[in-house]
$ cat structure_15.pdb   # PDB, C-alpha atoms and all ligand atoms
MODEL        1
ATOM      1  CA  MET A 261       0.000   0.000   0.000
ATOM      2  CA  LYS A 262       2.815   2.377   0.934
ATOM      3  CA  LYS A 263       4.586   1.491  -2.284
ATOM      4  CA  THR A 264       1.462   2.254  -4.308
ATOM      5  CA  LEU A 265       1.157   5.660  -2.652
ATOM      6  CA  ALA A 266       4.810   6.410  -3.340
ATOM      7  CA  LEU A 267       4.317   5.411  -6.944
ATOM      8  CA  ILE A 268       1.245   7.634  -7.339
ATOM      9  CA  PHE A 269       3.179  10.495  -5.731
ATOM     10  CA  SER A 270       6.100  10.039  -8.143
ATOM     11  CA  ILE A 271       3.837   9.985 -11.158
ATOM     12  CA  THR A 272       2.072  13.138  -9.983
ATOM     13  CA  MET A 273       5.427  14.867  -9.537
ATOM     14  CA  ILE A 274       6.618  13.818 -12.997
ATOM     15  CA  VAL A 275       3.388  15.041 -14.604
ATOM     16  CA  THR A 276       3.562  18.345 -12.712
ATOM     17  CA  PHE A 277       7.203  18.841 -13.634
ATOM     18  CA  THR A 278       6.602  18.078 -17.298
ATOM     19  CA  ASN A 279       3.740  20.577 -17.401
ATOM     20  CA  CYS A 280       5.915  23.275 -15.803
ATOM     21  CA  LYS A 281       8.604  22.745 -18.379
ATOM     22  CA  GLY A 282       6.092  23.216 -21.175
ATOM     23  CA  LYS A 283       4.767  26.453 -19.722
ATOM     24  CA  ALA A 284       8.217  27.876 -19.064
ATOM     25  CA  LYS A 285       8.767  28.092 -22.800
ATOM     26  CA  THR A 286       5.905  30.545 -23.269
ATOM     27  CA  VAL A 287       7.214  33.544 -25.207
ATOM     28  CA  GLU A 288       5.221  36.754 -25.613
ATOM     29  CA  GLY A 289       1.894  35.011 -25.211
ATOM     30  CA  THR A 290       2.958  32.250 -27.551
ATOM     31  CA  THR A 291       2.423  28.751 -26.273
ATOM     32  CA  THR A 292       5.051  26.725 -28.015
ATOM     33  CA  GLN A 293       3.047  23.565 -28.395
ATOM     34  CA  THR A 294       4.832  20.614 -29.862
ATOM     35  CA  GLU A 295       2.332  20.317 -32.704
ATOM     36  CA  GLY A 296       2.645  23.999 -33.578
ATOM     37  CA  ASN A 297       6.417  23.793 -33.548
ATOM     38  CA  THR A 298       6.627  20.748 -35.741
ATOM     39  CA  LEU A 299       4.146  22.169 -38.213
ATOM     40  CA  GLY A 300       5.727  25.627 -38.017
ATOM     41  CA  LYS A 301       9.218  24.303 -38.532
ATOM     42  CA  ALA A 302       8.211  22.065 -41.453
ATOM     43  CA  LYS A 303       6.335  24.900 -43.175
ATOM     44  CA  TYR A 304       9.127  27.377 -42.429
ATOM     45  CA  LEU A 305      11.795  25.126 -43.949
ATOM     46  CA  ALA A 306       9.641  24.439 -47.001
ATOM     47  CA  THR A 307       8.317  27.962 -47.601
ATOM     48  CA  CYS A 308      10.497  30.585 -45.893
ATOM     49  CA  ALA A 309      14.013  29.220 -45.424
ATOM     50  CA  SER A 310      15.007  29.855 -49.046
ATOM     51  CA  CYS A 311      15.107  33.578 -48.222
ATOM     52  CA  HIS A 312      15.273  33.766 -44.442
ATOM     53  CA  GLY A 313      17.750  30.905 -44.012
ATOM     54  CA  GLU A 314      17.341  27.697 -42.041
ATOM     55  CA  MET A 315      17.951  29.478 -38.732
ATOM     56  CA  GLY A 316      16.285  32.745 -39.711
ATOM     57  CA  LEU A 317      19.566  34.564 -40.314
ATOM     58  CA  ALA A 318      18.813  35.426 -43.970
ATOM     59  CA  ASP A 319      22.274  34.079 -44.775
ATOM     60  CA  SER A 320      21.399  32.141 -47.924
ATOM     61  CA  ALA A 321      22.417  33.551 -51.327
ATOM     62  CA  THR A 322      18.762  34.307 -52.082
ATOM     63  CA  GLY A 323      18.265  35.843 -48.668
ATOM     64  CA  LYS A 324      21.197  38.171 -49.173
ATOM     65  CA  ALA A 325      20.118  39.102 -52.700
ATOM     66  CA  MET A 326      16.560  39.773 -51.535
ATOM     67  CA  LYS A 327      17.649  41.590 -48.376
ATOM     68  CA  ALA A 328      15.389  39.316 -46.353
ATOM     69  CA  ARG A 329      14.966  39.893 -42.643
ATOM     70  CA  ASN A 330      17.544  38.365 -40.294
ATOM     71  CA  PHE A 331      15.160  37.439 -37.502
ATOM     72  CA  ALA A 332      17.868  37.299 -34.848
ATOM     73  CA  LYS A 333      19.336  40.741 -35.546
ATOM     74  CA  ASP A 334      16.960  43.007 -37.435
ATOM     75  CA  ALA A 335      13.917  44.693 -35.981
ATOM     76  CA  PHE A 336      10.483  43.561 -37.079
ATOM     77  CA  LYS A 337       9.211  46.780 -38.566
ATOM     78  CA  ALA A 338       5.609  45.545 -38.668
ATOM     79  CA  GLY A 339       5.710  44.246 -35.078
ATOM     80  CA  LYS A 340       7.099  41.169 -33.366
ATOM     81  CA  ASP A 341       4.061  40.073 -31.372
ATOM     82  CA  LEU A 342       2.274  36.989 -32.680
ATOM     83  CA  LYS A 343      -0.714  38.937 -34.019
ATOM     84  CA  SER A 344       1.471  41.303 -36.085
ATOM     85  CA  VAL A 345       3.674  38.520 -37.435
ATOM     86  CA  ILE A 346       0.601  36.515 -38.468
ATOM     87  CA  LYS A 347      -0.623  39.603 -40.329
ATOM     88  CA  THR A 348       2.764  40.136 -42.022
ATOM     89  CA  VAL A 349       3.025  36.513 -43.092
ATOM     90  CA  GLY A 350      -0.553  36.480 -44.374
ATOM     91  CA  ASN A 351      -0.517  39.815 -46.208
ATOM     92  CA  GLY A 352       3.185  40.324 -46.903
ATOM     93  CA  LEU A 353       5.005  43.641 -46.967
ATOM     94  CA  PRO A 354       3.940  45.553 -50.074
ATOM     95  CA  GLY A 355       6.813  46.692 -52.269
ATOM     96  CA  THR A 356       9.241  44.031 -50.997
ATOM     97  CA  ALA A 357      10.075  40.417 -51.854
ATOM     98  CA  MET A 358       8.086  39.437 -48.776
ATOM     99  CA  ILE A 359       4.802  38.370 -50.346
ATOM    100  CA  GLY A 360       1.669  37.310 -48.460
ATOM    101  CA  TYR A 361       1.301  33.582 -47.892
ATOM    102  CA  LYS A 362      -2.470  33.362 -47.502
ATOM    103  CA  ALA A 363      -2.798  31.527 -50.802
ATOM    104  CA  GLN A 364      -0.157  28.939 -49.923
ATOM    105  CA  LEU A 365      -0.721  28.363 -46.226
ATOM    106  CA  ASN A 366      -3.940  27.944 -44.269
ATOM    107  CA  GLU A 367      -4.702  29.841 -41.058
ATOM    108  CA  LYS A 368      -3.299  27.149 -38.776
ATOM    109  CA  GLU A 369      -0.094  26.905 -40.804
ATOM    110  CA  ILE A 370       0.391  30.693 -40.838
ATOM    111  CA  LYS A 371       0.007  30.798 -37.046
ATOM    112  CA  ALA A 372       2.453  27.894 -36.592
ATOM    113  CA  VAL A 373       5.035  29.399 -38.929
ATOM    114  CA  SER A 374       4.686  32.808 -37.218
ATOM    115  CA  GLU A 375       5.284  31.223 -33.813
ATOM    116  CA  TYR A 376       8.326  29.508 -35.259
ATOM    117  CA  VAL A 377       9.716  32.797 -36.616
ATOM    118  CA  ILE A 378       9.287  34.414 -33.177
ATOM    119  CA  GLU A 379      11.089  31.443 -31.619
ATOM    120  CA  LEU A 380      13.964  31.848 -34.084
ATOM    121  CA  SER A 381      14.180  35.558 -33.329
ATOM    122  CA  ASN A 382      14.539  34.818 -29.611
ATOM    123  CA  LYS A 383      17.520  32.509 -30.190
ATOM    124  CA  ARG A 384      20.426  34.874 -29.936
TER     125      ARG A 384
HETATM  126  C1  LIG B 401      11.341  35.497 -51.697
HETATM  127  C2  LIG B 401      12.030  35.658 -50.437
HETATM  128  C3  LIG B 401      11.208  35.520 -49.171
HETATM  129  C4  LIG B 401      10.474  34.425 -48.756
HETATM  130  C5  LIG B 401      10.306  33.082 -49.446
HETATM  131  C6  LIG B 401       9.920  34.782 -47.468
HETATM  132  N1  LIG B 401      10.286  36.048 -47.102
HETATM  133 FE1  LIG B 401       9.851  37.002 -45.366
HETATM  134  N2  LIG B 401      10.874  38.617 -45.973
HETATM  135  C7  LIG B 401      11.533  38.746 -47.185
HETATM  136  C8  LIG B 401      12.099  40.081 -47.301
HETATM  137  C9  LIG B 401      12.905  40.617 -48.475
HETATM  138  C10 LIG B 401      11.762  40.756 -46.108
HETATM  139  C11 LIG B 401      12.120  42.186 -45.722
HETATM  140  C12 LIG B 401      11.143  43.104 -46.335
HETATM  141  C13 LIG B 401      11.487  44.541 -46.049
HETATM  142  O1  LIG B 401      12.319  45.088 -46.760
HETATM  143  O2  LIG B 401      10.940  45.068 -45.084
HETATM  144  C14 LIG B 401      10.999  39.815 -45.293
HETATM  145  C15 LIG B 401      10.511  40.093 -44.048
HETATM  146  C16 LIG B 401       9.827  39.192 -43.243
HETATM  147  C17 LIG B 401       9.379  39.456 -41.905
HETATM  148  C18 LIG B 401       9.635  40.712 -41.099
HETATM  149  C19 LIG B 401       8.535  41.700 -41.249
HETATM  150  C20 LIG B 401       8.806  42.935 -40.447
HETATM  151  O3  LIG B 401       7.935  43.269 -39.655
HETATM  152  O4  LIG B 401       9.855  43.553 -40.576
HETATM  153  C21 LIG B 401       8.755  38.329 -41.460
HETATM  154  C22 LIG B 401       8.112  38.107 -40.096
HETATM  155  C23 LIG B 401       8.822  37.364 -42.522
HETATM  156  N3  LIG B 401       9.485  37.909 -43.595
HETATM  157  C24 LIG B 401       8.306  36.098 -42.436
HETATM  158  C25 LIG B 401       8.338  35.164 -43.479
HETATM  159  C26 LIG B 401       7.733  33.867 -43.406
HETATM  160  C27 LIG B 401       7.058  33.285 -42.180
HETATM  161  C28 LIG B 401       7.928  33.275 -44.605
HETATM  162  C29 LIG B 401       7.440  31.912 -45.067
HETATM  163  C30 LIG B 401       6.015  31.672 -44.962
HETATM  164  C31 LIG B 401       8.674  34.197 -45.430
HETATM  165  N4  LIG B 401       8.911  35.344 -44.702
HETATM  166  C32 LIG B 401       9.117  33.944 -46.715
HETATM  167  C33 LIG B 401      11.667  37.767 -48.158
HETATM  168  C34 LIG B 401      11.081  36.533 -48.117
ENDMDL
END

$ encode --input "structure_15.pdb" --output "structure tokens"
Amino acid sequence: MKKTLALIFSITMIVTFTNCKGKAKTVEGTTTQTEGNTLGKAKYLATCASCHGEMGLADSATGKAMKARNFAKDAFKAGKDLKSVIKTVGNGLPGTAMIGYKAQLNEKEIKAVSEYVIELSNKR
């Protein structure tokens, strides 16, 4: 009986600890859920990395030629909060190589990719 209680206690602690770890990664109101990250990363690598670079540093030849944003260094002129980034990714920045991605990505994918970009920008 004592053993069972100890076991239940351990499991509770593990669950609590795991939950804490997940919440600690919250950045600017962005919950970095595993699903969002995986989807965001996959879509980012497929759609955005050609210009912004794998790590968001805009260090690819295309990125340099296009003067794409280096997410780690440059300011986000249209805003770095999730809502603004979602808007930028969806509508693009008129007059630049940064087009809107509404036609290529659905709402969920745009949100995931925006969260991923914010994550990249926080890795300095
Ligand atoms: C064809 C190259 C290209 C591709 C592909 C591209 N971008 Fe961009 N992106 C740019 C350029 C160039 C800028 C800088 C525009 C400017 O001069 O302000 C930019 C800027 C941005 C910014 C910063 C906006 C700001 O507020 O300053 C974000 C965020 C962004 N891109 C996200 C993305 C995401 C997410 C994707 C993929 C869905 C993507 N980009 C794909 C070229 C690209």

$ closest_residue --input "structure_15.pdb" --among "A:Cys311, A:Ala363, A:Ala325, A:Ala306" --to "ligand LIG 401 (chain B)" --atoms "only C-alpha atoms and all ligand atoms"
A:Cys311

$ atom_distance --input "structure_15.pdb" --atom1 "atom CA of A:Ile378" --atom2 "atom CA of A:Thr322"
21.1 Å

$ closest_residue --input "structure_15.pdb" --among "A:Arg329, A:Leu365, A:Lys371, A:Thr298" --to "A:Ser310" --atoms "all atoms listed in the file"
A:Arg329

$ closest_residue --input "structure_15.pdb" --among "A:Gly323, A:Glu375, A:Lys337, A:Glu369" --to "A:Leu299" --atoms "all atoms listed in the file"
A:Glu369

$ axis_aligned_box --input "structure_15.pdb" --around "ligand LIG 401 (chain B)" --padding-each-side "3 Å" --output "lines of an AutoDock Vina configuration file"
center_x = 9.5
center_y = 38.4
center_z = -45.7
size_x = 12.9
size_y = 19.4
size_z = 18.0

$ closest_residue --input "structure_15.pdb" --among "A:Gly360, A:Val345, A:Gly350, A:Met315" --to "A:Ala332" --atoms "all atoms listed in the file"
A:Met315

$ residues_around --input "structure_15.pdb" --residues "A:Leu380" --least-positions-apart "5" --cutoff "10 Å" --atoms "only C-alpha atoms" --output "list in words"
Lys301, Glu314, Met315, Gly316, Leu317, Asn330, Phe331, Ala332, Ser374 and Glu375 of chain A

$ residues_near_ligand --input "structure_15.pdb" --ligand "ligand LIG 401 (chain B)" --cutoff "6 Å" --atoms "only C-alpha atoms and all ligand atoms" --output "list in words"
Tyr304, Thr307, Cys308, Ser310, Cys311, Met326, Lys327, Ala328, Arg329, Phe336, Lys337, Ala338, Gly339, Val345, Val349, Thr356, Ala357, Met358, Tyr361, Val373 and Ser374 of chain A

$ build_atoms --input "structure_15.pdb" --residues "stretch 325-349 of chain A" --atoms "N, CA and C atoms" --output "compact mmCIF listing (two decimals), in the frame of the given file"
# COMPACT_ATOMS: atom_id res chain seq x y z
N ALA A 325 20.51 38.37 -51.50
CA ALA A 325 20.12 39.10 -52.70
C ALA A 325 18.79 39.84 -52.48
N MET A 326 17.90 39.21 -51.75
CA MET A 326 16.56 39.77 -51.54
C MET A 326 16.52 40.75 -50.36
N LYS A 327 17.61 40.81 -49.61
CA LYS A 327 17.65 41.59 -48.38
C LYS A 327 16.53 41.16 -47.44
N ALA A 328 16.42 39.85 -47.24
CA ALA A 328 15.39 39.32 -46.35
C ALA A 328 15.73 39.65 -44.90
N ARG A 329 14.76 39.55 -44.04
CA ARG A 329 14.97 39.89 -42.64
C ARG A 329 15.78 38.83 -41.93
N ASN A 330 16.82 39.25 -41.20
CA ASN A 330 17.54 38.36 -40.29
C ASN A 330 16.78 38.44 -38.98
N PHE A 331 16.06 37.39 -38.65
CA PHE A 331 15.16 37.44 -37.50
C PHE A 331 15.89 37.63 -36.17
N ALA A 332 17.15 37.19 -36.11
CA ALA A 332 17.87 37.30 -34.85
C ALA A 332 18.41 38.71 -34.61
N LYS A 333 18.67 39.45 -35.70
CA LYS A 333 19.34 40.74 -35.55
C LYS A 333 18.46 41.94 -35.86
N ASP A 334 17.72 41.84 -36.98
CA ASP A 334 16.96 43.01 -37.44
C ASP A 334 15.66 43.18 -36.68
N ALA A 335 15.20 44.41 -36.63
CA ALA A 335 13.92 44.69 -35.98
C ALA A 335 12.79 44.23 -36.90
N PHE A 336 11.68 43.90 -36.31
CA PHE A 336 10.48 43.56 -37.08
C PHE A 336 9.73 44.87 -37.26
N LYS A 337 9.80 45.45 -38.43
CA LYS A 337 9.21 46.78 -38.57
C LYS A 337 7.68 46.77 -38.47
N ALA A 338 7.08 45.62 -38.76
CA ALA A 338 5.61 45.54 -38.67
C ALA A 338 5.15 44.94 -37.34
N GLY A 339 6.11 44.77 -36.38
CA GLY A 339 5.71 44.25 -35.08
C GLY A 339 6.14 42.82 -34.87
N LYS A 340 6.58 42.49 -33.64
CA LYS A 340 7.10 41.17 -33.37
C LYS A 340 6.16 40.32 -32.51
N ASP A 341 5.01 40.89 -32.13
CA ASP A 341 4.06 40.07 -31.37
C ASP A 341 3.37 39.13 -32.35
N LEU A 342 2.83 38.04 -31.83
CA LEU A 342 2.27 36.99 -32.68
C LEU A 342 1.24 37.53 -33.66
N LYS A 343 0.36 38.42 -33.17
CA LYS A 343 -0.71 38.94 -34.02
C LYS A 343 -0.15 39.69 -35.24
N SER A 344 0.87 40.53 -34.99
CA SER A 344 1.47 41.30 -36.08
C SER A 344 2.18 40.40 -37.07
N VAL A 345 2.92 39.40 -36.54
CA VAL A 345 3.67 38.52 -37.44
C VAL A 345 2.70 37.71 -38.30
N ILE A 346 1.61 37.26 -37.70
CA ILE A 346 0.60 36.52 -38.47
C ILE A 346 0.09 37.39 -39.62
N LYS A 347 -0.14 38.67 -39.31
CA LYS A 347 -0.62 39.60 -40.33
C LYS A 347 0.42 39.79 -41.44
N THR A 348 1.69 39.97 -41.04
CA THR A 348 2.76 40.14 -42.02
C THR A 348 2.87 38.92 -42.93
N VAL A 349 2.86 37.74 -42.31
CA VAL A 349 3.02 36.51 -43.09
C VAL A 349 1.83 36.31 -44.02
